[in-house]
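The structure file data-v1.tsv is reproduced below (TSV, C-alpha atoms).
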```
chain	number	residue	atom	x	y	z
A	617	GLY	CA	0.00	0.00	0.00
A	618	GLU	CA	2.80	2.43	0.80
A	619	LEU	CA	4.28	1.98	-2.67
A	620	ALA	CA	1.01	2.45	-4.53
A	621	GLY	CA	1.47	4.66	-7.57
A	622	PHE	CA	5.23	4.21	-7.52
A	623	LYS	CA	6.52	4.14	-11.10
A	624	LEU	CA	9.97	3.35	-12.49
A	625	ASN	CA	11.24	5.02	-15.64
A	626	PRO	CA	14.23	3.16	-17.12
A	627	ILE	CA	17.23	5.19	-18.26
A	628	GLU	CA	19.68	3.80	-20.79
A	629	PHE	CA	23.25	4.31	-19.59
A	630	ASP	CA	25.40	6.51	-21.82
A	631	LYS	CA	29.04	7.05	-20.84
A	632	ASP	CA	29.11	10.27	-22.85
A	633	LEU	CA	26.48	11.93	-20.64
A	634	ASP	CA	28.10	13.72	-17.71
A	635	ASP	CA	25.17	13.17	-15.32
A	636	HIS	CA	25.34	9.41	-15.92
A	637	MET	CA	29.08	9.28	-15.37
A	638	LEU	CA	28.99	11.43	-12.24
A	639	PHE	CA	26.52	8.97	-10.69
A	640	VAL	CA	28.50	5.90	-11.76
A	641	THR	CA	31.78	7.44	-10.57
A	642	ALA	CA	30.29	8.30	-7.18
A	643	CYS	CA	28.89	4.77	-6.72
A	644	SER	CA	32.09	3.03	-7.83
A	645	ASN	CA	34.24	5.22	-5.58
A	646	LEU	CA	32.01	4.52	-2.57
A	647	ARG	CA	32.49	0.80	-3.18
A	648	ALA	CA	36.23	1.30	-3.69
A	649	LEU	CA	36.52	3.12	-0.36
A	650	ASN	CA	34.71	0.27	1.40
A	651	TYR	CA	37.31	-2.22	0.17
A	652	SER	CA	40.38	0.08	0.26
A	653	ILE	CA	40.61	0.08	-3.55
A	654	PRO	CA	42.09	3.20	-5.22
A	655	THR	CA	39.38	5.63	-6.37
A	656	GLU	CA	39.21	7.10	-9.88
A	657	ASP	CA	38.09	10.45	-11.27
A	658	THR	CA	35.25	10.88	-13.78
A	659	HIS	CA	37.58	10.93	-16.79
A	660	ARG	CA	39.23	7.64	-15.85
A	661	SER	CA	35.86	6.08	-14.97
A	662	ARG	CA	34.51	7.06	-18.40
A	663	ALA	CA	37.41	5.25	-20.06
A	664	ILE	CA	36.82	2.15	-17.94
A	665	ALA	CA	33.08	2.17	-18.67
A	666	GLY	CA	33.79	2.32	-22.38
A	667	ARG	CA	35.77	-0.94	-22.28
A	668	ILE	CA	33.33	-3.02	-20.24
A	669	ILE	CA	32.18	-6.18	-22.00
A	670	PRO	CA	28.60	-6.96	-20.93
A	671	ALA	CA	28.37	-10.27	-19.08
A	672	ILE	CA	25.74	-11.82	-16.85
A	673	ALA	CA	26.46	-14.22	-14.02
A	674	THR	CA	22.98	-15.31	-13.04
A	675	THR	CA	23.23	-15.19	-9.25
A	676	THR	CA	25.17	-11.90	-9.30
A	677	ALA	CA	22.64	-10.37	-11.69
A	678	LEU	CA	19.73	-11.55	-9.55
A	679	VAL	CA	21.19	-10.24	-6.30
A	680	THR	CA	22.10	-6.93	-7.94
A	681	GLY	CA	18.53	-6.62	-9.22
A	682	LEU	CA	17.07	-7.27	-5.76
A	683	ILE	CA	19.41	-4.67	-4.24
A	684	CYS	CA	18.41	-2.12	-6.87
A	685	LEU	CA	14.72	-2.71	-6.12
A	686	GLU	CA	15.37	-1.80	-2.48
A	687	LEU	CA	17.47	1.19	-3.54
A	688	TYR	CA	14.61	2.50	-5.69
A	689	LYS	CA	12.41	2.55	-2.59
A	690	ILE	CA	14.92	4.77	-0.80
A	691	ILE	CA	15.84	7.23	-3.55
A	692	GLY	CA	12.51	7.13	-5.37
A	693	THR	CA	10.23	8.05	-2.48
A	694	PRO	CA	11.74	11.25	-1.02
A	695	GLN	CA	8.35	12.74	-0.15
A	696	LYS	CA	7.45	10.15	2.48
A	697	GLU	CA	9.20	8.03	5.07
A	698	LEU	CA	8.69	4.32	4.51
A	699	THR	CA	8.19	1.91	7.39
A	700	ILE	CA	10.37	-1.18	7.71
A	701	GLU	CA	7.55	-3.34	6.28
A	702	ALA	CA	8.04	-1.69	2.89
A	703	TYR	CA	11.51	-3.23	2.54
A	704	LYS	CA	12.40	-6.86	1.86
A	705	ASN	CA	15.15	-9.36	2.59
A	706	GLY	CA	15.83	-11.82	-0.21
A	707	PHE	CA	16.87	-15.47	0.17
A	708	VAL	CA	18.01	-17.13	-3.06
A	709	ASN	CA	19.34	-20.53	-4.11
A	710	LEU	CA	19.25	-21.03	-7.86
A	711	ALA	CA	20.44	-24.64	-7.59
A	712	ILE	CA	17.12	-25.81	-6.08
A	713	PRO	CA	15.71	-23.33	-7.38
A	714	PHE	CA	14.36	-21.31	-4.46
A	715	MET	CA	13.68	-17.62	-3.83
A	716	THR	CA	11.67	-15.95	-1.10
A	717	LEU	CA	11.28	-12.42	0.22
A	718	SER	CA	10.63	-11.53	3.85
A	719	GLU	CA	10.30	-8.44	5.99
A	720	PRO	CA	13.56	-7.43	7.67
A	721	THR	CA	13.76	-7.26	11.44
A	722	ALA	CA	14.39	-3.95	13.12
A	723	PRO	CA	17.96	-3.42	14.41
A	724	ALA	CA	18.64	-4.05	18.08
A	725	THR	CA	18.43	-0.95	20.25
A	726	THR	CA	20.59	0.21	23.14
A	727	LYS	CA	19.04	2.40	25.80
A	728	ALA	CA	20.98	5.44	26.97
A	729	VAL	CA	19.98	8.23	29.33
A	730	VAL	CA	21.51	11.51	28.16
A	731	LYS	CA	20.75	14.73	30.05
A	732	GLY	CA	17.87	12.99	31.80
A	733	LYS	CA	16.21	11.82	28.58
A	734	GLU	CA	16.04	8.25	27.31
A	735	TRP	CA	17.48	7.54	23.88
A	736	ASP	CA	17.13	4.19	22.10
A	737	TRP	CA	19.88	4.05	19.51
A	738	THR	CA	20.90	1.36	17.02
A	739	ALA	CA	24.05	0.36	15.15
A	740	TRP	CA	22.91	2.69	12.36
A	741	ASP	CA	23.01	5.76	14.60
A	742	SER	CA	25.95	8.02	15.27
A	743	LEU	CA	26.80	11.24	17.07
A	744	ASP	CA	27.74	13.66	14.29
A	745	MET	CA	30.18	16.45	15.04
A	746	ASN	CA	30.87	19.21	12.52
A	747	MET	CA	32.87	21.71	14.56
A	748	GLY	CA	36.06	21.65	12.54
A	749	ASP	CA	39.35	20.15	13.64
A	750	ILE	CA	39.06	21.10	17.32
A	751	THR	CA	41.56	20.14	20.01
A	752	LEU	CA	41.23	17.08	22.20
A	753	GLN	CA	40.48	19.35	25.16
A	754	GLU	CA	37.67	21.08	23.23
A	755	PHE	CA	36.34	17.68	22.11
A	756	ILE	CA	36.02	16.45	25.70
A	757	ALA	CA	34.56	19.79	26.86
A	758	HIS	CA	31.88	19.53	24.15
A	759	PHE	CA	30.53	16.31	25.67
A	760	GLU	CA	30.55	17.87	29.12
A	761	THR	CA	28.52	20.93	28.07
A	762	GLU	CA	26.34	19.37	25.35
A	763	TYR	CA	25.59	15.94	26.86
A	764	ASN	CA	26.56	16.34	30.54
A	765	LEU	CA	29.05	13.48	30.16
A	766	ASP	CA	32.50	12.86	31.60
A	767	VAL	CA	34.60	11.17	28.91
A	768	SER	CA	37.01	8.62	30.38
A	769	MET	CA	38.28	7.01	27.17
A	770	ILE	CA	38.44	7.81	23.44
A	771	SER	CA	39.56	5.26	20.87
A	772	HIS	CA	40.04	5.28	17.12
A	773	GLY	CA	40.07	1.77	15.66
A	774	VAL	CA	42.49	-0.20	17.85
A	775	SER	CA	44.27	2.92	19.10
A	776	ILE	CA	43.46	4.58	22.43
A	777	LEU	CA	43.73	8.35	22.06
A	778	PHE	CA	42.70	9.33	25.57
A	779	SER	CA	42.14	7.45	28.83
A	780	PHE	CA	42.01	8.38	32.50
A	781	PHE	CA	44.83	5.93	33.30
A	782	ALA	CA	47.26	7.11	30.58
A	783	ASN	CA	50.54	8.90	31.21
A	784	LYS	CA	49.67	12.37	32.53
A	785	LYS	CA	52.48	14.08	30.64
A	786	LYS	CA	51.40	12.58	27.31
A	787	LEU	CA	47.78	13.48	27.99
A	788	ALA	CA	48.73	17.09	28.71
A	789	GLU	CA	50.54	17.27	25.37
A	790	ARG	CA	47.63	15.72	23.46
A	791	MET	CA	45.04	18.01	25.04
A	792	LYS	CA	46.41	20.95	23.04
A	793	MET	CA	46.60	19.00	19.76
A	794	LYS	CA	43.89	18.91	17.13
A	795	MET	CA	41.97	15.65	16.86
A	796	SER	CA	43.50	14.78	13.48
A	797	GLU	CA	46.97	15.42	14.93
A	798	VAL	CA	46.23	13.17	17.89
A	799	VAL	CA	45.17	10.37	15.54
A	800	GLU	CA	48.30	10.75	13.40
A	801	ASN	CA	50.51	10.97	16.49
A	802	VAL	CA	49.11	7.81	18.09
A	803	THR	CA	48.65	5.67	14.96
A	804	LYS	CA	51.90	6.87	13.35
A	805	LYS	CA	50.03	7.17	10.06
A	806	GLU	CA	49.31	10.25	7.98
A	807	LEU	CA	45.65	10.83	7.14
A	808	PRO	CA	44.83	10.80	3.40
A	809	SER	CA	44.28	14.26	1.92
A	810	ASN	CA	40.80	13.31	0.70
A	811	GLN	CA	39.58	11.97	4.05
A	812	LEU	CA	36.91	14.15	5.66
A	813	PHE	CA	35.75	12.15	8.68
A	814	LEU	CA	37.17	10.31	11.66
A	815	VAL	CA	35.30	7.71	13.72
A	816	PHE	CA	35.72	7.61	17.49
A	817	GLU	CA	34.40	5.27	20.17
A	818	LEU	CA	33.78	6.77	23.62
A	819	ILE	CA	33.40	5.54	27.18
A	820	ALA	CA	31.62	8.14	29.26
A	821	ASN	CA	29.77	8.58	32.55
A	822	ASP	CA	26.87	10.83	33.47
A	823	LEU	CA	28.23	13.78	35.47
A	824	GLU	CA	25.30	13.70	37.91
A	825	THR	CA	24.74	9.97	38.49
A	826	ASP	CA	28.27	8.76	37.62
A	827	GLU	CA	26.64	5.86	35.74
A	828	GLU	CA	28.22	4.70	32.48
A	829	VAL	CA	26.30	5.81	29.38
A	830	GLU	CA	26.57	3.65	26.28
A	831	LEU	CA	26.94	5.80	23.17
A	832	PRO	CA	27.04	5.12	19.43
A	833	TYR	CA	30.23	5.95	17.56
A	834	VAL	CA	31.14	9.58	16.94
A	835	LYS	CA	31.36	10.67	13.31
A	836	PHE	CA	33.76	13.60	13.46
A	837	ARG	CA	34.23	15.88	10.44
A	838	PHE	CA	37.63	17.49	10.67
A	839	ARG	CA	37.88	18.98	7.16
```
Could you spell out this file's structure in structure tokens?
Amino acid sequence: GELAGFKLNPIEFDKDLDDHMLFVTACSNLRALNYSIPTEDTHRSRAIAGRIIPAIATTTALVTGLICLELYKIIGTPQKELTIEAYKNGFVNLAIPFMTLSEPTAPATTKAVVKGKEWDWTAWDSLDMNMGDITLQEFIAHFETEYNLDVSMISHGVSILFSFFANKKKLAERMKMKMSEVVENVTKKELPSNQLFLVFELIANDLETDEEVELPYVKFRFR
């Protein structure tokens, strides 16, 4: 019922149309970033697209088609928010053959009490920060003033950037450093010039109750 009146208009891909190539380049680069594959610009992507020999592997084609059907629901219905029942999980085995669609289950929620209010967050949620490349001291102060939280540990991947039990001298030095500098200093790796975000995991306690508050990851834009 929610998708009543929904209509698809097929578009034939043309590598010589800039709008088509901008979309394809964006999608291919997103996939490349997920698998740490070098990205390409639009010009290079156009050359690659022109040399592709069409081929169909049945299971790959079927799965890709099912994914695209779900994608159409997201990008094709911007005027209304769909409920989870509108989406489908697909289970396929072409050897039998067998295919069935089912409603996905909602993601598990974690309850947190922030500033006296309950918040049920999932693995898809994040705390987004767009304050520029602030210092570690400013980062911690932000959670004190904005969320009434005392941050006791900050990690980035497998690296601990800040902890209450760390060397006091090192902590004092890091407090004055920008977050990107702290990451580079601890990981001993330079951040790529095209990277815009950093992901942090926090352990924090409520300043009033001193109880630990479970938080989603922090998506920190530093450029």
**Message:** For a test of reading the model, state the distance in Å between atom CA of Lys733 of chain A and atom CA of Pro720 of chain A, rounded to one decimal.
**Reply:**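 Computing the Euclidean distance for atom CA of Lys733 of chain A and atom CA of Pro720 of chain A yields 28.5 Å.
The closest residue to Phe838 of chain A, picked from A:Asn810, A:Thr825, A:Ser771, A:Asn746 and counting all atoms listed in the file, is A:Asn746.
Within the 7 Å cut-off around segment 779-783 of chain A, using only C-alpha atoms and omitting residues fewer than 6 positions from it on the same chain, the listed residues are Ser768, Met769 and Ile770 of chain A.
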Go ahead and write the selection's residues with C-alpha atoms as a short mmCIF file (atom, residue, chain, number, x, y, z; two decimals), in the frame of the given file.
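result21.cif written:
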```cif
data_model
loop_
_atom_site.label_atom_id
_atom_site.label_comp_id
_atom_site.auth_asym_id
_atom_site.auth_seq_id
_atom_site.Cartn_x
_atom_site.Cartn_y
_atom_site.Cartn_z
CA SER A 768 37.01 8.62 30.38
CA MET A 769 38.28 7.01 27.17
CA ILE A 770 38.44 7.81 23.44
#
```
**Asked** How many Å lie between atom CA of Glu824 of chain A and atom CA of Gly748 of chain A, rounded to one decimal?
**Response** 28.7 Å
**Distance query 10 Å from (14.8, -1.8, 1.9) using only C-alpha atoms, result as an NGL selection string** = :A and (682-690 or 698-705 or 719-720)
Writer output for current selection, C-alpha atoms, as a PDB file, keeping the file's coordinate frame:
```
ATOM      1  CA  LEU A 682      17.070  -7.270  -5.760  1.00  0.00           C
ATOM      2  CA  ILE A 683      19.410  -4.670  -4.240  1.00  0.00           C
ATOM      3  CA  CYS A 684      18.410  -2.120  -6.870  1.00  0.00           C
ATOM      4  CA  LEU A 685      14.720  -2.710  -6.120  1.00  0.00           C
ATOM      5  CA  GLU A 686      15.370  -1.800  -2.480  1.00  0.00           C
ATOM      6  CA  LEU A 687      17.470   1.190  -3.540  1.00  0.00           C
ATOM      7  CA  TYR A 688      14.610   2.500  -5.690  1.00  0.00           C
ATOM      8  CA  LYS A 689      12.410   2.550  -2.590  1.00  0.00           C
ATOM      9  CA  ILE A 690      14.920   4.770  -0.800  1.00  0.00           C
ATOM     10  CA  LEU A 698       8.690   4.320   4.510  1.00  0.00           C
ATOM     11  CA  THR A 699       8.190   1.910   7.390  1.00  0.00           C
ATOM     12  CA  ILE A 700      10.370  -1.180   7.710  1.00  0.00           C
ATOM     13  CA  GLU A 701       7.550  -3.340   6.280  1.00  0.00           C
ATOM     14  CA  ALA A 702       8.040  -1.690   2.890  1.00  0.00           C
ATOM     15  CA  TYR A 703      11.510  -3.230   2.540  1.00  0.00           C
ATOM     16  CA  LYS A 704      12.400  -6.860   1.860  1.00  0.00           C
ATOM     17  CA  ASN A 705      15.150  -9.360   2.590  1.00  0.00           C
ATOM     18  CA  GLU A 719      10.300  -8.440   5.990  1.00  0.00           C
ATOM     19  CA  PRO A 720      13.560  -7.430   7.670  1.00  0.00           C
TER      20      PRO A 720
END
```
**Request:** Rounded to one decimal place, report the atom CA of Asn821 of chain A-atom CA of Leu765 of chain A distance in Å.
**Result:**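 So the two atoms, atom CA of Asn821 of chain A and atom CA of Leu765 of chain A, lie 5.5 Å apart.
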**Prompt:** Can you list, as a ChimeraX atom specification, every protein, DNA or RNA residue that comes within 12 Å of segment 637-652 of chain A when you count all atoms listed in the file, leaving out same-chain residues fewer than 5 positions away?
**Reply:** /A:629-632,657-666,808,810-811
With N, CA and C atoms as the goal, would you fill in the gaps in segment 704-716 of chain A and present it as a PDB file, keeping the file's coordinate frame?
```pdb
ATOM      1  N   LYS A 704      12.395  -5.392   1.905  1.00  0.00           N
ATOM      2  CA  LYS A 704      12.400  -6.860   1.860  1.00  0.00           C
ATOM      3  C   LYS A 704      13.820  -7.411   1.931  1.00  0.00           C
ATOM      4  N   ASN A 705      13.946  -8.536   2.641  1.00  0.00           N
ATOM      5  CA  ASN A 705      15.150  -9.360   2.590  1.00  0.00           C
ATOM      6  C   ASN A 705      14.926 -10.441   1.544  1.00  0.00           C
ATOM      7  N   GLY A 706      15.959 -10.783   0.795  1.00  0.00           N
ATOM      8  CA  GLY A 706      15.830 -11.820  -0.210  1.00  0.00           C
ATOM      9  C   GLY A 706      16.696 -13.026   0.118  1.00  0.00           C
ATOM     10  N   PHE A 707      16.127 -14.220  -0.029  1.00  0.00           N
ATOM     11  CA  PHE A 707      16.870 -15.470   0.170  1.00  0.00           C
ATOM     12  C   PHE A 707      16.795 -16.257  -1.136  1.00  0.00           C
ATOM     13  N   VAL A 708      17.966 -16.565  -1.713  1.00  0.00           N
ATOM     14  CA  VAL A 708      18.010 -17.130  -3.060  1.00  0.00           C
ATOM     15  C   VAL A 708      18.936 -18.335  -3.118  1.00  0.00           C
ATOM     16  N   ASN A 709      18.498 -19.390  -3.784  1.00  0.00           N
ATOM     17  CA  ASN A 709      19.340 -20.530  -4.110  1.00  0.00           C
ATOM     18  C   ASN A 709      18.898 -21.035  -5.478  1.00  0.00           C
ATOM     19  N   LEU A 710      19.649 -20.682  -6.495  1.00  0.00           N
ATOM     20  CA  LEU A 710      19.250 -21.030  -7.860  1.00  0.00           C
ATOM     21  C   LEU A 710      19.460 -22.508  -8.172  1.00  0.00           C
ATOM     22  N   ALA A 711      20.196 -23.217  -7.337  1.00  0.00           N
ATOM     23  CA  ALA A 711      20.440 -24.640  -7.590  1.00  0.00           C
ATOM     24  C   ALA A 711      19.198 -25.476  -7.312  1.00  0.00           C
ATOM     25  N   ILE A 712      18.273 -24.980  -6.466  1.00  0.00           N
ATOM     26  CA  ILE A 712      17.120 -25.810  -6.080  1.00  0.00           C
ATOM     27  C   ILE A 712      16.009 -25.842  -7.132  1.00  0.00           C
ATOM     28  N   PRO A 713      15.492 -24.745  -7.693  1.00  0.00           N
ATOM     29  CA  PRO A 713      15.710 -23.330  -7.380  1.00  0.00           C
ATOM     30  C   PRO A 713      14.742 -22.853  -6.301  1.00  0.00           C
ATOM     31  N   PHE A 714      15.189 -21.815  -5.551  1.00  0.00           N
ATOM     32  CA  PHE A 714      14.360 -21.310  -4.460  1.00  0.00           C
ATOM     33  C   PHE A 714      14.617 -19.816  -4.291  1.00  0.00           C
ATOM     34  N   MET A 715      13.544 -19.051  -4.121  1.00  0.00           N
ATOM     35  CA  MET A 715      13.680 -17.620  -3.830  1.00  0.00           C
ATOM     36  C   MET A 715      12.490 -17.176  -3.002  1.00  0.00           C
ATOM     37  N   THR A 716      12.754 -16.473  -1.928  1.00  0.00           N
ATOM     38  CA  THR A 716      11.670 -15.950  -1.100  1.00  0.00           C
ATOM     39  C   THR A 716      12.063 -14.589  -0.558  1.00  0.00           C
TER      40      THR A 716
END
```
